[in-house]
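Student: To start, I am sharing the structure in question, which I have written as structure tokens.
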Amino acid sequence: MAEAADFQGIDPSPARRWLRRAAAAVAAVPLLAGLVHLPAAPSATAMTPVASVAAAATGSRTVAVSLDTLAPSAPVKGDTLTLSGTVTNKGRETVSQAQVDVRLGDRLSSRGAIEDAARRTGFSESRDGEPLGGAYVVKVPEIPSGATREFTLAVPVDKLGVDDAGVYELGVSLSGRTPGEPYDQVLGIDRTFLPWQPAAPKSKTQLTVLWPLISSAHLSAQTGSDDQQTPVFESEALAAELSPGGRLERMVTLGAELPVTWVIDPDLLATVEAMSGNYQVMSGDTTLPGRNQAVAKQWLNALDKAVQGDKVVALPYGDPDLASLAHRGKRVSRSLSHLRPATELAESTVETILHVKPSVEYAWPANGAVDPSIVDVATSAGADKVITRSDSMRERLSYTPNAARPIGGGTTAVVSDAVLSTAFEGDMTRAGESTAAVQKFLAHTLAVTHERPGTGRSVVVAPQRMPTASQAESLASALRALGGERWSQASDLITATTAKPDPKATTSVPSARRYPKELSHQELPETVFQQMRTTQDRLDNFKVILTAAHRVVTPFGNAIKREMSTSWRGRPQEAAEYGRGVHAHLESLTGEVKLIDKSDLTLSGRSATIPVTVQNKLVQGVDHLVLRLRSMKPTRLGLNGGEQVAELPVRIEGGHSQSVKFTASANANGPVPVEAQLFTEDGRPYGQPMRFTVKVSEITSTVMLVIAGGVLLLVLAGVRMYSQRKRAAAARDADADAVDRTGTSEEAGAARPTDEDEGAAEAAPAVPVAESDDPVQPSDPATDTGPQSTDPSGPGEKVER
């Protein structure tokens, strides 16, 4: 009732509200009683979250033990094992009477058992074994809550009790007491793996380790206008990687000491080589001179020495993301056309800079994940070998097969080991993480050797594409531990590829629906490939007019390849921004060749010349251009003999302008819109059209006839006047002769006209004057058009006859 009243907007009285709240409180009592008894549920081991937190702060998880150093990593008989690390009290109470012990656990019979042990936490008395005790114990002072103590132990391997060869669990535990539990107990433990191989096995595992030299894009498409085309870098970030202690410097230094197969992105080599000379660095809207030429030269020299005698694999130029191309790029026309040129450029770049001939038959999709479409894209670039990974191929065998196996179509899959390849992907700056990764790597390699004694296997390790310096250091430590060829033998990728395939190994490529979703989410969006196509179309249209096209095609072609680099994975915004920058710079260059705007013209006659100016601000000349002029009203204004469209070739040297002149003929008065447009010789428009108006003030044929008639009358009148004057002059001469004959008296007197003369004068007609109803018109110039000028037309130019 109360709820109904409330719903209807009726305000209950205070007494009624109090009664309702009291009733609700009484009704809630049984519910609260039930909640109080929930912990007495049938499962006695069930814990509430609060109980779990309390348990985590006590027992064998009270103290965090970190084993930071284990040396040697793979001991032999007579060695002394040194273990050092830290213990940190995570509990709320002070730990007293603490000591650090060494425990030898179970011998692990398989690689699966190694993985299970790596995931196990907490102390297990049955599996972790008894403490070694005796002299091999370290007493630790009291450890207050949150405090950390260091420890170091030295134990002769002979005292550990290892007998048979294999992989053993090795634990370092801390025992002690707390005020709440004043008795000895294990309060924390850290485990690792101890590989033990006292004698050489019958057959060794052939271990191939890929050593990738790959970086993100650092070069822009912009170059200087000088003859050397000074490269422009987006930042100096690459210099930090090349400097001593930097990621790429460590990769080269470590790789030079190790038996590895180099996997190189040729774009990195070309970028570092560009840095070794004069270069510029973007800084806002301007550029500044680069200062790290010495660093680049030193790195290239070190790499040149390091790769000599080793196998080198060159990825397609720019390290294109094959998966993104297969899943998204194929939807955009011409995207796949960049792959084969990238492969061809890769070989020549590596050979030119490092003086070694690389192998370009390998494709390496991101994380080694493949599906049929990725394999198809990889092979379209000319590769017939695909580096994949065992977690993608979903190997089901109980042992580790050889890496190489055929997957159809003449393509070989080189399947890297997933566990070994991902062993160093963690934070290797932490000593404990690094030590654990090294020991796990060694344990797995030994387990592979023991899986099928007497049968050697070929195993490939393909680490992350761009390892950090610490990750590379950790992997190098593991490889150095195997340097004595204890149970493995170094090999190279070419040899691993030719190893005999295991007949039971998986040869079927997983379907597209099995491609990992987390990798799919990292792929380049389709818009990146659309931007690439737009830029490539603009470049294709631009290069045909250039007299030195290589100055533009090379830097922009390489920049377009970088737009689809695997390094952009998970960074779609940065990838799109880079692509937009490439396109914007290309647009700025194409805009240097353009039509100069014209103001309206006036055409005062039947024919005239219309000049259109083309400007070239580029350093190089342009050719193979056509300027097309179109009259929008050809019946009023015709071009080149009365046509609607006229076109003339254009060739301009760098830094110059040219005035292209068209002949126009007028047929009627009035304004005529005219459009000028540049085209390439193959008919594609270049740049934006330019429009202006020609005002025609033509003199009609009727007017011309009237003017011609008037001129004719004037000419006739002039001839008649001339004739009359000539006759009058002759008459005066005759009279003068008569006077001479009559005597001197007549000479002295003034000659006066006689009556006959006056009568004759009166009878003579007056000088005729041409009469016409039309006004008199000035004469036309001698020609319709004046001489053409090579100077560009100025604004507001008036073209007259």
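Chain lettering (A, B, ...) mirrors the order of the structure tokens, residue numbering begins at 1 for each chain separately, and ligand numbering begins at 1 in order of display.
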Give me, as a PyMOL selection string, all polymer residues having an atom no more than 8 Å from Val100 (chain A), counting only C-alpha atoms and skipping those fewer than 6 positions away in the same chain.
Tutor: chain A and resi 137-140+151+172-175
Student: Generate the output file for the selected residues, C-alpha atoms, as a PDB file, in the first residue's frame.
Tutor:
ATOM      1  CA  VAL A 137      72.985 -22.288   5.282  1.00  0.00           C
ATOM      2  CA  VAL A 138      72.955 -18.495   5.583  1.00  0.00           C
ATOM      3  CA  LYS A 139      71.672 -16.914   8.776  1.00  0.00           C
ATOM      4  CA  VAL A 140      69.639 -13.767   8.178  1.00  0.00           C
ATOM      5  CA  PHE A 151      72.165 -13.399   0.839  1.00  0.00           C
ATOM      6  CA  VAL A 172      66.212 -21.391  -2.359  1.00  0.00           C
ATOM      7  CA  SER A 173      63.947 -21.093   0.694  1.00  0.00           C
ATOM      8  CA  LEU A 174      63.778 -18.873   3.759  1.00  0.00           C
ATOM      9  CA  SER A 175      62.727 -20.387   7.079  1.00  0.00           C
TER      10      SER A 175
END
Student: List the neighbours of Arg630 (chain A) out to 8 Å using only C-alpha atoms; skip same-chain residues closer than 5 positions along the sequence, and give me the result as a VMD selection string.
Tutor: chain A and resid 639 644 to 646 674 to 676
Student: What does the file look like for those residues with C-alpha atoms, as a PDB file, in the first residue's frame?
Tutor:
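Dumped everything to part_23.pdb:
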ATOM      1  CA  LEU A 639      41.298  28.278 -80.440  1.00  0.00           C
ATOM      2  CA  GLN A 644      37.250  24.246 -78.743  1.00  0.00           C
ATOM      3  CA  VAL A 645      40.403  22.694 -77.247  1.00  0.00           C
ATOM      4  CA  ALA A 646      44.023  23.465 -78.007  1.00  0.00           C
ATOM      5  CA  VAL A 674      38.292  29.570 -70.591  1.00  0.00           C
ATOM      6  CA  GLU A 675      39.918  26.720 -68.632  1.00  0.00           C
ATOM      7  CA  ALA A 676      43.625  25.867 -68.608  1.00  0.00           C
TER       8      ALA A 676
END
Student: Neighbours of Arg562 (chain A) within 10 Å (only C-alpha atoms; same-chain residues fewer than 4 positions away dropped), as a list in words?
Tutor: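 Residues meeting the cut-off are Ser216, Ala217, His218, Leu219, Ser220, Ala221, Asp267, Tyr317, Gly318, Asp319, Pro320, Asp321, Met532, Phe556, Gly557, Asn558, Thr566, Ser567, Trp568, Ala575, Tyr578 and Gly579 of chain A.
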Student: Please produce a file of the residues just selected, as a PDB file, in the first residue's frame, where the atoms kept are N, CA and C atoms.
Tutor:
ATOM      1  N   SER A 216      62.331   0.749 -35.817  1.00  0.00           N
ATOM      2  CA  SER A 216      61.173   1.443 -36.371  1.00  0.00           C
ATOM      3  C   SER A 216      61.642   2.477 -37.391  1.00  0.00           C
ATOM      4  N   ALA A 217      60.694   3.132 -38.058  1.00  0.00           N
ATOM      5  CA  ALA A 217      61.025   4.116 -39.080  1.00  0.00           C
ATOM      6  C   ALA A 217      61.591   5.383 -38.445  1.00  0.00           C
ATOM      7  N   HIS A 218      62.701   5.856 -38.978  1.00  0.00           N
ATOM      8  CA  HIS A 218      63.331   7.089 -38.481  1.00  0.00           C
ATOM      9  C   HIS A 218      63.496   8.136 -39.580  1.00  0.00           C
ATOM     10  N   LEU A 219      63.624   7.701 -40.831  1.00  0.00           N
ATOM     11  CA  LEU A 219      63.792   8.627 -41.946  1.00  0.00           C
ATOM     12  C   LEU A 219      62.447   9.120 -42.443  1.00  0.00           C
ATOM     13  N   SER A 220      62.383  10.394 -42.776  1.00  0.00           N
ATOM     14  CA  SER A 220      61.192  10.931 -43.418  1.00  0.00           C
ATOM     15  C   SER A 220      61.373  10.833 -44.931  1.00  0.00           C
ATOM     16  N   ALA A 221      60.326  11.181 -45.661  1.00  0.00           N
ATOM     17  CA  ALA A 221      60.433  11.200 -47.124  1.00  0.00           C
ATOM     18  C   ALA A 221      61.108  12.461 -47.623  1.00  0.00           C
ATOM     19  N   ASP A 267      66.268  -1.579 -44.494  1.00  0.00           N
ATOM     20  CA  ASP A 267      65.954  -0.164 -44.273  1.00  0.00           C
ATOM     21  C   ASP A 267      66.765   0.398 -43.111  1.00  0.00           C
ATOM     22  N   TYR A 317      62.567  -4.989 -47.752  1.00  0.00           N
ATOM     23  CA  TYR A 317      62.912  -3.631 -47.321  1.00  0.00           C
ATOM     24  C   TYR A 317      61.766  -3.014 -46.529  1.00  0.00           C
ATOM     25  N   GLY A 318      62.078  -2.554 -45.316  1.00  0.00           N
ATOM     26  CA  GLY A 318      61.078  -1.951 -44.444  1.00  0.00           C
ATOM     27  C   GLY A 318      60.378  -2.928 -43.535  1.00  0.00           C
ATOM     28  N   ASP A 319      60.674  -4.238 -43.663  1.00  0.00           N
ATOM     29  CA  ASP A 319      60.043  -5.274 -42.836  1.00  0.00           C
ATOM     30  C   ASP A 319      58.519  -5.164 -42.879  1.00  0.00           C
ATOM     31  N   PRO A 320      57.907  -5.400 -44.048  1.00  0.00           N
ATOM     32  CA  PRO A 320      56.449  -5.251 -44.166  1.00  0.00           C
ATOM     33  C   PRO A 320      55.691  -6.251 -43.296  1.00  0.00           C
ATOM     34  N   ASP A 321      54.555  -5.817 -42.784  1.00  0.00           N
ATOM     35  CA  ASP A 321      53.710  -6.653 -41.936  1.00  0.00           C
ATOM     36  C   ASP A 321      52.884  -7.567 -42.841  1.00  0.00           C
ATOM     37  N   MET A 532      48.582   4.630 -48.491  1.00  0.00           N
ATOM     38  CA  MET A 532      49.703   4.216 -49.331  1.00  0.00           C
ATOM     39  C   MET A 532      49.332   4.278 -50.806  1.00  0.00           C
ATOM     40  N   PHE A 556      60.704   8.616 -51.767  1.00  0.00           N
ATOM     41  CA  PHE A 556      59.273   8.414 -51.510  1.00  0.00           C
ATOM     42  C   PHE A 556      58.882   6.951 -51.634  1.00  0.00           C
ATOM     43  N   GLY A 557      59.491   6.233 -52.553  1.00  0.00           N
ATOM     44  CA  GLY A 557      59.203   4.807 -52.651  1.00  0.00           C
ATOM     45  C   GLY A 557      59.597   4.065 -51.393  1.00  0.00           C
ATOM     46  N   ASN A 558      60.746   4.407 -50.827  1.00  0.00           N
ATOM     47  CA  ASN A 558      61.173   3.769 -49.578  1.00  0.00           C
ATOM     48  C   ASN A 558      60.273   4.174 -48.415  1.00  0.00           C
ATOM     49  N   THR A 566      56.219  -3.784 -39.955  1.00  0.00           N
ATOM     50  CA  THR A 566      55.740  -4.529 -38.793  1.00  0.00           C
ATOM     51  C   THR A 566      55.933  -3.725 -37.506  1.00  0.00           C
ATOM     52  N   SER A 567      56.856  -2.789 -37.502  1.00  0.00           N
ATOM     53  CA  SER A 567      57.121  -2.005 -36.293  1.00  0.00           C
ATOM     54  C   SER A 567      55.938  -1.118 -35.898  1.00  0.00           C
ATOM     55  N   TRP A 568      54.968  -0.909 -36.808  1.00  0.00           N
ATOM     56  CA  TRP A 568      53.801  -0.098 -36.475  1.00  0.00           C
ATOM     57  C   TRP A 568      52.729  -0.898 -35.751  1.00  0.00           C
ATOM     58  N   ALA A 575      51.241   5.160 -37.124  1.00  0.00           N
ATOM     59  CA  ALA A 575      51.368   4.716 -38.511  1.00  0.00           C
ATOM     60  C   ALA A 575      50.634   5.656 -39.457  1.00  0.00           C
ATOM     61  N   TYR A 578      52.487   8.998 -39.783  1.00  0.00           N
ATOM     62  CA  TYR A 578      53.662   8.910 -40.646  1.00  0.00           C
ATOM     63  C   TYR A 578      53.236   8.940 -42.117  1.00  0.00           C
ATOM     64  N   GLY A 579      52.200   8.162 -42.450  1.00  0.00           N
ATOM     65  CA  GLY A 579      51.718   8.130 -43.832  1.00  0.00           C
ATOM     66  C   GLY A 579      51.214   9.478 -44.303  1.00  0.00           C
TER      67      GLY A 579
END
Student: Report the residues of region 33-195 of chain A whose backbone DSSP state falls under strand (DSSP E), written as a ChimeraX atom specification.
Tutor: /A:63-71,80-89,96-108,137-140,148-156,166-178,181-195
Student: I'd like the neighbourhood of Ala296 (chain A) as number ranges by chain, where a residue qualifies if any of its atoms comes within 12 Å (using only C-alpha atoms), though same-chain residues fewer than 6 positions away should be ignored.
Tutor: A: 236, 238-244, 248-249, 268-279, 290, 302-303
Student: Please provide the set of residues having any atom within 8 Å of Val509 (chain A), restricted to only C-alpha atoms, with same-chain residues fewer than 5 positions apart removed, written as a list in words.
Tutor: Val370, Asp371, Pro372, Met393 and Ile407 of chain A
Student: Write out, as a short mmCIF file (atom, residue, chain, number, x, y, z; two decimals), in the first residue's frame, the residues just selected, with C-alpha atoms.
Tutor:
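Generated file (out_4.cif):
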data_model
loop_
_atom_site.label_atom_id
_atom_site.label_comp_id
_atom_site.auth_asym_id
_atom_site.auth_seq_id
_atom_site.Cartn_x
_atom_site.Cartn_y
_atom_site.Cartn_z
CA VAL A 370 50.48 -17.97 -39.97
CA ASP A 371 47.34 -18.89 -41.83
CA PRO A 372 46.85 -19.72 -45.53
CA MET A 393 51.43 -24.70 -36.11
CA ILE A 407 53.59 -27.19 -46.15
#
Student: Give me the residues near region 308-316 of chain A as a list in words, where near means some atom within 6 Å (using only C-alpha atoms) and where sequence neighbours in that chain fewer than 3 positions away do not count.
Tutor: Thr261, Trp262, Val263, Ile264, Asp265, Lys305, Asp319, Ala342, Thr343, Ala346, Pro358, Ser359 and Val360 of chain A
Student: Hey, what does DSSP flag as alpha helix (DSSP H) within region 558-613 of chain A? Can you give it to me as a list in words?
Tutor: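 Answer for region 558-613 of chain A, restricted to alpha helix (DSSP H): Asn558, Ala559, Ile560, Lys561, Arg562, Pro572, Gln573, Glu574, Ala575, Ala576, Glu577, Tyr578, Gly579, Arg580, Gly581, Val582, His583, Ala584, His585, Leu586, Glu587, Ser588, Leu589 and Thr590 of chain A.
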Student: Please measure the separation of CA of Glu181 (chain A) and CA of Ala147 (chain A), giving the value in Å to one decimal.
Tutor: 18.9 Å
Student: By how many Å are CA of Val715 (chain A) and CA of Arg606 (chain A) apart?
Tutor: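 Atom-to-atom, CA of Val715 (chain A) and CA of Arg606 (chain A) are spaced 25.6 Å apart.
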Student: Under the rule that only C-alpha atoms are counted, which of A:Glu115, A:Glu473, A:Asp101, A:Asp391 is the nearest residue to Pro516 (chain A)?
Tutor: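 Ranking A:Glu115, A:Glu473, A:Asp101, A:Asp391 by distance to Pro516 (chain A), first place goes to A:Asp391.
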Student: Would you mind telling me which residue in A:Thr497, A:Pro179, A:Ala381, A:Ile652 lies nearest to Pro341 (chain A) when using only C-alpha atoms?
Tutor: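 For Pro341 (chain A), the nearest of the given residues is A:Ala381.
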Student: What is the distance, in Å and to one decimal place, between CA of Gly161 (chain A) and CA of Ala199 (chain A)?
Tutor: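 For CA of Gly161 (chain A) relative to CA of Ala199 (chain A), the distance reads 16.3 Å.
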Student: Go through A:Val448, A:Val167, A:Val414, A:Ala98 one by one, measure the shortest atom-to-atom distance of each to Leu194 (chain A) using only C-alpha atoms, and give the residue with the smallest value.
Tutor: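 Of the candidates, the smallest distance to Leu194 (chain A) is held by A:Val167.
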Student: Restricting the calculation to only C-alpha atoms: of A:Leu207, A:Leu519, A:Val626, A:Met690, which residue gets closest to Ser421 (chain A)?
Tutor: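 Answer, going by the shortest atom-to-atom distance: A:Leu207.
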Student: For a quick check of understanding, using only C-alpha atoms, which of A:Val162, A:Val350, A:Leu539, A:Val87 has the smallest distance to Arg149 (chain A)?
Tutor: A:Val87
